[in-house]
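For reference, model.cif (mmCIF, C-alpha atoms):
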data_model
loop_
_atom_site.label_atom_id
_atom_site.label_comp_id
_atom_site.auth_asym_id
_atom_site.auth_seq_id
_atom_site.Cartn_x
_atom_site.Cartn_y
_atom_site.Cartn_z
CA MET S 1 25.74 56.98 -10.78
CA ALA S 2 22.52 55.67 -9.35
CA SER S 3 22.71 53.72 -6.14
CA ALA S 4 20.30 51.00 -5.06
CA SER S 5 18.56 53.23 -2.51
CA GLN S 6 17.97 56.02 -5.02
CA LEU S 7 14.60 56.27 -6.71
CA PRO S 8 14.55 55.08 -10.27
CA THR S 9 14.57 57.78 -12.94
CA ILE S 10 11.23 56.50 -14.15
CA PRO S 11 8.33 58.28 -12.42
CA VAL S 12 7.02 56.28 -9.49
CA PRO S 13 3.42 57.08 -8.64
CA GLY S 14 2.45 56.47 -5.05
CA THR S 15 4.71 53.69 -3.82
CA THR S 16 5.54 53.58 -0.17
CA THR S 17 7.28 50.28 0.49
CA PRO S 18 10.62 49.66 -1.23
CA PHE S 19 10.74 46.90 -3.81
CA GLN S 20 12.08 43.59 -2.54
CA PHE S 21 14.53 42.18 -5.06
CA PRO S 22 14.69 38.39 -5.34
CA PRO S 23 17.82 36.55 -4.08
CA THR S 24 19.06 36.00 -7.65
CA TYR S 25 19.45 39.76 -7.96
CA SER S 26 22.45 39.51 -5.59
CA PHE S 27 23.99 36.68 -7.63
CA PRO S 28 26.64 38.16 -9.98
CA PRO S 29 26.28 35.64 -12.87
CA PHE S 30 22.65 36.72 -13.13
CA PHE S 31 23.90 39.85 -14.91
CA THR S 32 25.94 37.98 -17.53
CA PRO S 33 24.32 36.15 -20.47
CA GLN S 34 24.67 32.43 -19.74
CA PRO S 35 26.16 30.26 -22.52
CA ASN S 36 24.41 27.02 -21.52
CA SER S 37 20.99 27.02 -23.18
CA SER S 38 19.04 25.55 -20.25
CA THR S 39 20.73 27.92 -17.80
CA ARG S 40 20.01 30.74 -20.22
CA LEU S 41 16.32 29.82 -20.32
CA SER S 42 16.09 29.83 -16.55
CA GLN S 43 17.95 33.15 -16.46
CA LEU S 44 15.51 34.69 -18.95
CA GLN S 45 12.53 33.41 -16.98
CA LYS S 46 13.89 34.90 -13.77
CA TRP S 47 14.56 38.25 -15.48
CA SER S 48 11.08 38.23 -16.96
CA SER S 49 9.44 37.67 -13.58
CA LEU S 50 11.74 40.24 -11.94
CA ILE S 51 10.89 42.89 -14.57
CA GLN S 52 7.18 42.16 -14.27
CA SER S 53 7.06 42.33 -10.48
CA TRP S 54 9.29 45.43 -10.44
CA CYS S 55 7.00 47.18 -12.93
CA ARG S 56 3.92 46.06 -11.03
CA HIS S 57 5.35 47.40 -7.80
CA HIS S 58 6.23 50.76 -9.31
CA ARG S 59 3.14 50.83 -11.53
CA VAL S 60 5.29 51.11 -14.63
CA TYR S 61 3.47 50.24 -17.82
CA ARG S 62 5.96 51.37 -20.43
CA LEU S 63 9.62 50.79 -19.84
CA SER S 64 12.22 53.00 -21.46
CA LEU S 65 15.34 50.88 -21.85
CA ILE S 66 17.74 53.82 -21.82
CA GLU S 67 16.39 54.86 -18.44
CA ALA S 68 15.91 51.33 -17.16
CA VAL S 69 19.57 50.33 -17.61
CA GLU S 70 20.47 53.12 -15.19
CA SER S 71 17.76 52.21 -12.68
CA PRO S 72 18.18 49.63 -9.88
CA LEU S 73 16.20 47.18 -11.99
CA PHE S 74 19.09 46.57 -14.40
CA HIS S 75 21.87 48.03 -12.31
CA ASN S 76 22.87 46.43 -9.04
CA ALA S 77 25.04 49.12 -7.46
CA ALA S 78 25.96 46.92 -4.50
CA LEU S 79 27.42 44.25 -6.82
CA ARG S 80 28.63 46.82 -9.36
CA LYS S 81 26.93 44.71 -11.96
CA ARG S 82 24.64 45.90 -14.70
CA ILE S 83 22.74 44.63 -17.67
CA SER S 84 23.92 46.08 -20.96
CA LEU S 85 21.46 47.73 -23.32
CA SER S 86 21.78 44.89 -25.82
CA GLU S 87 21.23 42.27 -23.11
CA ALA S 88 18.17 44.17 -21.87
CA ARG S 89 16.86 44.15 -25.43
CA ALA S 90 17.50 40.42 -25.68
CA ILE S 91 15.55 39.83 -22.47
CA LEU S 92 12.61 41.98 -23.62
CA ASP S 93 12.71 40.30 -27.05
CA TRP S 94 12.42 36.94 -25.36
CA MET S 95 9.56 38.22 -23.19
CA ALA S 96 7.76 39.59 -26.25
CA ARG S 97 7.64 36.19 -27.96
CA GLY S 98 4.80 33.80 -27.24
CA GLU S 99 5.38 30.67 -25.22
CA GLU S 100 4.85 28.54 -28.30
CA GLU S 101 7.73 30.36 -30.01
CA GLY S 102 10.02 29.64 -27.07
CA GLY S 103 9.47 33.03 -25.50
CA GLY S 104 8.16 34.46 -22.26
CA GLY S 105 4.45 34.42 -23.10
CA LYS S 106 4.08 37.90 -24.66
CA ARG S 107 4.78 39.73 -21.45
CA SER S 108 6.33 42.68 -23.27
CA GLU S 109 5.77 44.49 -26.53
CA TRP S 110 7.97 46.99 -28.36
CA ILE S 111 6.25 50.35 -28.65
CA ASP S 112 8.62 51.85 -31.22
CA GLY S 113 8.97 48.75 -33.39
CA GLY S 114 12.50 48.27 -34.74
CA ASN S 115 14.12 50.94 -32.56
CA LYS S 116 13.51 48.79 -29.46
CA THR S 117 13.95 51.53 -26.89
CA MET S 118 10.47 51.57 -25.37
CA ALA S 119 8.34 48.57 -24.47
CA TRP S 120 5.07 47.81 -22.79
CA ILE S 121 5.59 45.52 -19.87
CA TRP S 122 2.51 43.36 -19.59
CA TRP S 123 2.52 42.38 -15.93
CA ARG S 124 -1.17 42.29 -16.80
CA ARG S 125 -2.02 41.73 -20.41
CA PRO S 126 -4.73 43.98 -21.90
CA GLU S 127 -7.07 40.95 -21.95
CA GLU S 128 -6.52 40.55 -18.22
CA TRP S 129 -7.14 44.25 -17.63
CA ALA S 130 -10.31 44.00 -19.72
CA GLY S 131 -11.61 41.30 -17.39
CA ILE S 132 -10.77 43.35 -14.30
CA ILE S 133 -12.47 46.46 -15.71
CA MET S 134 -15.55 44.47 -16.70
CA ASP S 135 -15.76 42.93 -13.22
CA TRP S 136 -15.59 46.42 -11.71
CA VAL S 137 -18.29 47.74 -14.05
CA GLU S 138 -20.56 44.83 -13.22
CA GLY S 139 -19.81 45.01 -9.52
CA THR S 140 -20.66 48.69 -9.34
CA GLY S 141 -23.79 48.45 -11.52
CA GLN S 142 -22.48 50.74 -14.23
CA LYS S 143 -23.60 48.74 -17.21
CA ASN S 144 -25.41 50.86 -19.79
CA MET S 145 -23.79 53.97 -18.34
CA VAL S 146 -21.58 56.36 -20.23
CA LEU S 147 -18.19 56.79 -18.60
CA THR S 148 -15.25 58.83 -19.81
CA VAL S 149 -11.89 57.14 -20.17
CA TYR S 150 -10.44 59.90 -17.98
CA GLU S 151 -12.99 59.02 -15.33
CA LEU S 152 -11.93 55.36 -15.45
CA VAL S 153 -8.25 56.18 -15.08
CA GLU S 154 -8.28 59.26 -12.87
CA GLY S 155 -11.78 59.44 -11.37
CA GLU S 156 -12.53 59.22 -7.68
CA GLY S 157 -14.70 56.16 -8.29
CA THR S 158 -11.77 53.99 -9.35
CA MET S 159 -9.39 55.14 -6.61
CA SER S 160 -9.38 51.71 -4.96
CA GLN S 161 -8.98 49.84 -8.25
CA GLU S 162 -5.74 48.48 -9.61
CA PHE S 163 -6.33 50.20 -12.94
CA HIS S 164 -6.51 53.63 -11.31
CA GLY S 165 -3.76 55.80 -12.71
CA MET S 166 -3.18 53.38 -15.56
CA ASP S 167 -1.61 54.53 -18.80
CA SER S 168 -4.59 55.70 -20.86
CA ASP S 169 -3.19 53.97 -23.95
CA ILE S 170 -3.41 50.63 -22.15
CA MET S 171 -6.88 51.53 -20.93
CA LEU S 172 -7.92 52.12 -24.54
CA LYS S 173 -6.27 48.86 -25.63
CA SER S 174 -8.16 46.98 -22.93
CA LEU S 175 -11.41 48.72 -23.87
CA THR S 176 -10.85 47.80 -27.52
CA ILE S 177 -10.76 44.16 -26.44
CA LEU S 178 -14.08 44.62 -24.66
CA VAL S 179 -15.48 46.29 -27.78
CA LYS S 180 -14.43 43.26 -29.85
CA ARG S 181 -16.19 41.01 -27.37
CA GLY S 182 -19.31 43.16 -27.72
CA LYS S 183 -19.17 44.19 -24.07
CA ALA S 184 -18.47 47.87 -24.64
CA GLN S 185 -18.59 50.65 -27.18
CA VAL S 186 -16.00 53.41 -27.35
CA PHE S 187 -17.05 56.69 -28.90
CA GLY S 188 -16.27 60.40 -28.89
CA SER S 189 -13.36 62.41 -30.19
CA GLU S 190 -9.74 61.55 -29.54
CA GLY S 191 -8.54 62.43 -26.07
CA GLN S 192 -12.14 62.72 -24.90
CA GLU S 193 -13.25 59.17 -25.44
CA GLY S 194 -16.26 57.86 -23.69
CA VAL S 195 -17.19 54.25 -23.16
CA LYS S 196 -20.49 52.54 -22.63
CA PHE S 197 -20.51 49.05 -21.16
CA PHE S 198 -23.09 46.40 -21.99
CA MET D 1 -33.79 47.95 -25.50
CA GLY D 2 -33.27 44.84 -23.43
CA ASN D 3 -32.98 42.15 -26.05
CA ALA D 4 -30.94 44.09 -28.61
CA SER D 5 -27.70 42.32 -27.83
CA SER D 6 -25.94 42.16 -31.17
CA THR D 7 -26.03 45.83 -32.13
CA HIS D 8 -25.12 48.14 -29.28
CA LYS D 9 -25.93 51.58 -30.57
CA ILE D 10 -24.66 54.80 -29.11
CA SER D 11 -27.61 57.16 -28.93
CA ALA D 12 -27.60 60.95 -29.13
CA GLN D 13 -28.32 60.97 -25.40
CA ASP D 14 -25.18 58.95 -24.76
CA ARG D 15 -23.19 61.50 -26.72
CA ALA D 16 -24.76 64.34 -24.76
CA ILE D 17 -23.89 62.63 -21.48
CA LEU D 18 -20.35 62.12 -22.71
CA ASP D 19 -20.10 65.83 -23.52
CA LEU D 20 -21.29 66.70 -20.04
CA LYS D 21 -18.88 64.28 -18.44
CA ASN D 22 -16.03 65.58 -20.57
CA GLN D 23 -16.81 69.06 -19.33
CA ARG D 24 -16.69 67.73 -15.81
CA ASP D 25 -13.35 66.04 -16.49
CA LYS D 26 -11.99 69.29 -17.89
CA LEU D 27 -12.96 71.07 -14.70
CA HIS D 28 -11.26 68.31 -12.72
CA LYS D 29 -8.09 68.77 -14.73
CA TYR D 30 -8.33 72.54 -14.33
CA GLN D 31 -8.66 72.15 -10.59
CA LYS D 32 -5.62 69.92 -10.51
CA ARG D 33 -3.62 72.52 -12.40
CA VAL D 34 -4.79 75.38 -10.17
CA THR D 35 -4.01 73.37 -7.04
CA ILE D 36 -0.47 72.81 -8.30
CA LEU D 37 -0.20 76.55 -9.06
CA THR D 38 -1.36 77.60 -5.58
CA ASP D 39 1.20 75.26 -4.06
CA GLN D 40 3.85 76.83 -6.28
CA GLU D 41 2.84 80.35 -5.26
CA LYS D 42 3.06 79.36 -1.63
CA ALA D 43 6.56 78.00 -2.18
CA ILE D 44 7.53 81.19 -4.00
CA ALA D 45 6.17 83.32 -1.14
CA LYS D 46 8.21 81.28 1.33
CA GLN D 47 11.37 81.70 -0.76
CA CYS D 48 10.74 85.44 -1.02
CA LEU D 49 10.29 85.73 2.73
CA ALA D 50 13.52 83.83 3.24
CA ARG D 51 15.21 86.44 1.02
CA ASN D 52 13.41 89.13 3.04
CA ASP D 53 11.50 90.27 -0.04
CA GLN D 54 8.13 91.05 1.52
CA GLY D 55 6.69 92.78 -1.55
CA ARG D 56 7.12 89.75 -3.79
CA ALA D 57 5.91 87.40 -1.09
CA ARG D 58 2.75 89.47 -0.80
CA LEU D 59 2.30 89.40 -4.58
CA ALA D 60 2.67 85.62 -4.66
CA LEU D 61 0.15 85.23 -1.82
CA ARG D 62 -2.25 87.54 -3.63
CA ARG D 63 -1.98 85.37 -6.75
CA LYS D 64 -2.53 82.34 -4.59
CA LYS D 65 -5.65 83.91 -3.07
CA TYR D 66 -7.01 84.69 -6.51
CA GLN D 67 -6.39 81.16 -7.69
CA GLU D 68 -8.10 79.83 -4.62
CA SER D 69 -11.17 81.92 -5.42
CA LEU D 70 -11.12 80.39 -8.91
CA LEU D 71 -10.97 76.98 -7.33
CA ALA D 72 -14.06 77.74 -5.25
CA LYS D 73 -15.90 78.92 -8.36
CA THR D 74 -14.99 75.80 -10.32
CA ASP D 75 -16.16 73.73 -7.36
CA ALA D 76 -19.59 75.33 -7.66
CA GLN D 77 -19.62 74.77 -11.42
CA LEU D 78 -18.53 71.19 -10.97
CA GLU D 79 -21.39 70.63 -8.58
CA GLN D 80 -23.83 72.02 -11.15
CA LEU D 81 -22.44 69.78 -13.86
CA GLU D 82 -22.51 66.71 -11.67
CA LYS D 83 -26.08 67.45 -10.65
CA LEU D 84 -27.06 67.76 -14.29
CA VAL D 85 -25.32 64.50 -15.17
CA GLY D 86 -27.15 62.83 -12.30
CA GLN D 87 -30.47 64.26 -13.45
CA VAL D 88 -29.94 63.15 -17.03
CA GLU D 89 -29.02 59.65 -15.92
CA PHE D 90 -32.03 59.52 -13.64
CA ALA D 91 -34.27 60.75 -16.46
CA LEU D 92 -32.98 57.88 -18.60
CA VAL D 93 -33.88 55.43 -15.86
CA GLN D 94 -37.33 57.01 -15.69
CA LYS D 95 -37.66 56.62 -19.44
CA ASP D 96 -36.89 52.92 -19.09
CA VAL D 97 -39.48 52.60 -16.33
CA LEU D 98 -42.06 54.35 -18.49
CA TYR D 99 -41.24 52.07 -21.39
CA GLY D 100 -41.71 49.07 -19.14
CA LEU D 101 -45.07 50.36 -17.97
CA GLN D 102 -46.19 51.02 -21.55
CA GLU D 103 -45.26 47.53 -22.67
CA GLY D 104 -47.02 46.00 -19.69
CA THR D 105 -50.16 48.03 -20.37
CA LYS D 106 -50.13 47.00 -24.02
CA VAL D 107 -49.94 43.32 -23.09
CA LEU D 108 -52.73 43.75 -20.56
CA GLN D 109 -54.88 45.52 -23.15
CA THR D 110 -54.41 42.86 -25.82
CA ILE D 111 -55.28 40.15 -23.31
CA ASN D 112 -58.41 42.08 -22.35
CA LYS D 113 -59.28 42.48 -26.00
CA GLU D 114 -58.93 38.73 -26.51
CA MET D 115 -61.46 38.28 -23.72
CA GLY D 116 -63.92 40.52 -25.64
CA GLY D 117 -64.26 43.33 -23.16
CA ILE D 118 -66.74 43.73 -20.29
CA GLU D 119 -69.73 43.27 -22.60
CA GLY D 120 -68.33 40.01 -23.85
CA VAL D 121 -67.81 38.76 -20.32
CA GLU D 122 -71.34 39.86 -19.32
CA LYS D 123 -72.78 38.14 -22.33
CA LEU D 124 -70.84 35.00 -21.53
CA MET D 125 -72.05 35.05 -17.93
CA GLU D 126 -75.65 35.51 -19.12
CA GLU D 127 -75.29 32.63 -21.51
CA THR D 128 -73.88 30.47 -18.76
CA GLU D 129 -76.81 31.38 -16.53
CA GLU D 130 -79.24 30.58 -19.33
CA ALA D 131 -77.63 27.24 -20.01
CA ARG D 132 -77.75 26.38 -16.35
CA ALA D 133 -81.43 27.33 -16.10
CA TYR D 134 -82.17 25.19 -19.17
CA GLN D 135 -80.32 22.28 -17.63
CA GLU D 136 -82.33 22.74 -14.41
CA GLU D 137 -85.56 22.70 -16.42
CA ILE D 138 -84.61 19.51 -18.20
CA LYS D 139 -83.72 17.88 -14.91
CA ASN D 140 -87.03 18.92 -13.34
CA MET D 141 -88.96 17.72 -16.33
CA LEU D 142 -87.30 14.33 -16.23
CA ALA D 143 -87.81 14.04 -12.46
CA GLY D 144 -91.50 15.08 -12.83
CA GLN D 145 -92.20 12.51 -15.55
CA LEU D 146 -90.82 9.76 -13.42
CA SER D 147 -92.97 10.60 -10.41
CA ASN D 148 -96.20 10.87 -12.40
CA GLN D 149 -95.78 7.46 -13.94
CA ASP D 150 -94.55 5.52 -10.94
CA GLU D 151 -96.23 7.34 -8.04
CA ASP D 152 -98.88 4.65 -7.58
CA GLU D 153 -96.41 1.80 -7.81
CA VAL D 154 -94.18 3.44 -5.23
CA ASP D 155 -97.15 3.95 -2.92
CA ALA D 156 -98.18 0.33 -3.29
CA GLU D 157 -94.70 -0.92 -2.51
CA LEU D 158 -94.56 1.31 0.54
CA GLU D 159 -97.86 -0.12 1.85
CA ALA D 160 -96.65 -3.70 1.33
CA LEU D 161 -93.48 -2.98 3.24
CA GLU D 162 -95.40 -1.38 6.08
CA ARG D 163 -97.63 -4.44 6.37
CA GLU D 164 -94.62 -6.74 6.66
CA VAL D 165 -93.18 -4.61 9.43
CA ILE D 166 -96.45 -4.67 11.43
CA LYS D 167 -96.71 -8.54 11.17
CA LEU D 168 -93.34 -9.07 12.88
CA PRO D 169 -94.36 -8.62 16.60
CA SER D 170 -96.44 -11.86 16.52
CA VAL D 171 -93.31 -14.05 16.29
CA PRO D 172 -92.21 -14.24 20.04
CA ILE D 173 -95.48 -15.93 21.15
CA THR D 174 -93.81 -19.41 21.11
CA GLN D 175 -91.38 -18.54 23.91
CA PRO D 176 -93.27 -19.03 27.27
CA PRO D 177 -91.73 -22.54 28.20
CA VAL D 178 -88.34 -20.88 28.76
CA LYS D 179 -89.94 -18.44 31.16
CA LEU D 180 -91.51 -21.34 33.16
CA LYS D 181 -88.11 -22.96 33.59
CA GLY D 182 -86.90 -19.74 35.09
CA LEU D 183 -89.75 -19.78 37.65
CA GLU D 184 -88.74 -23.26 38.83
CA ASP D 185 -85.16 -22.13 39.37
CA GLU D 186 -86.36 -19.32 41.57
CA ARG D 187 -87.45 -21.77 44.16
CA ILE D 188 -83.89 -22.96 44.77
CA ALA D 189 -82.61 -21.03 47.75
CA GLY D 190 -79.08 -19.46 47.84
CA GLU D 191 -78.66 -19.34 44.08
CA GLN D 192 -81.21 -16.63 43.54
CA GLU D 193 -78.79 -14.09 42.06
CA GLU D 194 -77.40 -16.48 39.48
CA ALA D 195 -80.89 -17.46 38.54
CA GLU D 196 -81.79 -13.88 38.01
CA LYS D 197 -78.80 -13.37 35.73
CA GLU D 198 -79.72 -16.46 33.78
CA ARG D 199 -83.26 -15.22 33.39
CA THR D 200 -82.09 -11.93 31.99
CA ARG D 201 -79.85 -13.78 29.55
CA ILE D 202 -82.70 -15.89 28.33
CA ALA D 203 -85.11 -13.02 28.35
CA LEU D 204 -82.98 -10.92 26.02
CA PRO D 205 -83.35 -13.02 22.87
CA ALA D 206 -87.12 -12.95 23.38
#
For this file, produce the structure as structure tokens.
Amino acid sequence: MASASQLPTIPVPGTTTPFQFPPTYSFPPFFTPQPNSSTRLSQLQKWSSLIQSWCRHHRVYRLSLIEAVESPLFHNAALRKRISLSEARAILDWMARGEEEGGGGKRSEWIDGGNKTMAWIWWRRPEEWAGIIMDWVEGTGQKNMVLTVYELVEGEGTMSQEFHGMDSDIMLKSLTILVKRGKAQVFGSEGQEGVKFF
Amino acid sequence: MGNASSTHKISAQDRAILDLKNQRDKLHKYQKRVTILTDQEKAIAKQCLARNDQGRARLALRRKKYQESLLAKTDAQLEQLEKLVGQVEFALVQKDVLYGLQEGTKVLQTINKEMGGIEGVEKLMEETEEARAYQEEIKNMLAGQLSNQDEDEVDAELEALEREVIKLPSVPITQPPVKLKGLEDERIAGEQEEAEKERTRIALPA
């Protein structure tokens, strides 16, 4: 069984400080679905923000539910409380819905559709990433330059950027948004994509 | 270039640069892999030494050495590639500069053409000079005509004026009685200075 001090089973690239769980994490009812609808809403909101900040801290972009229910995120070893797989799904389902549909503002997205075992956790939505990337390109004078996607994600030039080491799928999603806005053009063969910013 | 905002085209050069950069990325990845391998070999050598298996430890270190030589070679290749990428990108900048110069020259040339070239300017200057000379002539002619006609009248007027000016000095002749009064005052003793002042005052208007 995983204990709170143990590293999560999900790979954790370059984190030094341990994640600070919010006070609600030590509150046993937090791990049980609340029957009262307003309490339930507040519970879902708290879980959503906890999942987002946990994923941001550990630089997790795609969350595997099977692994996550064993990790400290959904399993508080000190309280001996855990979130069940179905409850985790319910939380991510709520996060995936837009705010107008009574959801958590599209902060997650199922990767495998109906199976609901893997989900993107959008602690930054692709649109937000697109803005950050564009700011970096403009700030470093790299408009009209050809860059490889690999270079953006793994290159030495982006070492200090938040998107360094990002999942390349998300990078491509963010770039696609820039392409739609007419700010970039993606070309080249799959796995060797290049991008030119305008 | 520049204003083509709606259709961003990827040129053949862009593709060539991408190919170069992809090659560079591949070398990067290769280096990463080799670095991991050398670390592994080192760990294996350590394990072998712990088991007192010197032969295998040596073999692992030899492999590590070989991989390190590969790493050095790829470093050199990477440098070449990066240089080339830099040169290509710089050449593109140069191309842009050249384009800018060409456009500027074209504009300058068309403007010059509109001015009709050096000959046109010379001709214009000549014409200006001619027009000015003509204007001067007209002015002189007009001035000359005037003097010929009115010279005598002007001379006559001048003489009349001169005569008037010469007549003027005869006016003060009526003044002497004032001067006599001044002589009488002189006789009064003690007030000589005041009398003198008075005389000068009266004398001035004369």
Exercise. Taking the file as shown, what set of residues would the PyMOL selection byres ((chain S) within 9 of (chain D)) give back, as a PyMOL selection string?
Worked result: chain S and resi 145-148+150-151+155+182-188+192-196+198
Problem set entry | Residues selected by the PyMOL selection byres ((chain S and resi 117) around 10), written as a PyMOL selection string | chain S and resi 63-68+85+88-89+110-116+118-119
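Excluding range 33-49 of chain D itself and same-chain residues fewer than 2 positions from it, the residues having an atom within 9 Å of it are His28, Lys29, Tyr30, Gln31, Arg51, Asn52, Asp53, Gln54, Gly55, Arg56, Ala57, Arg58, Leu59, Ala60, Leu61, Arg62, Arg63, Lys64, Lys65, Gln67, Glu68, Leu70 and Leu71 of chain D, counting only C-alpha atoms.
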Problem set entry | Long-range neighbours of Arg56 in chain S as a VMD selection string, 10 Å cut-off, only C-alpha atoms, 3 positions minimum in chain | chain S and resid 19 50 to 53 59 to 61 121 to 124
For this session: Evaluate the PyMOL selection byres ((chain S and resi 125-137) around 12) and record the selected residues as number ranges by chain, following the chain and residue labels used in the document.
Result: S: 52, 56, 61, 96, 105-109, 120-124, 138-147, 149, 152-153, 157-164, 166-184, 195-198
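A straight line drawn from CA of Gln87 in chain D to CA of Gly165 in chain S is 28.0 Å long.
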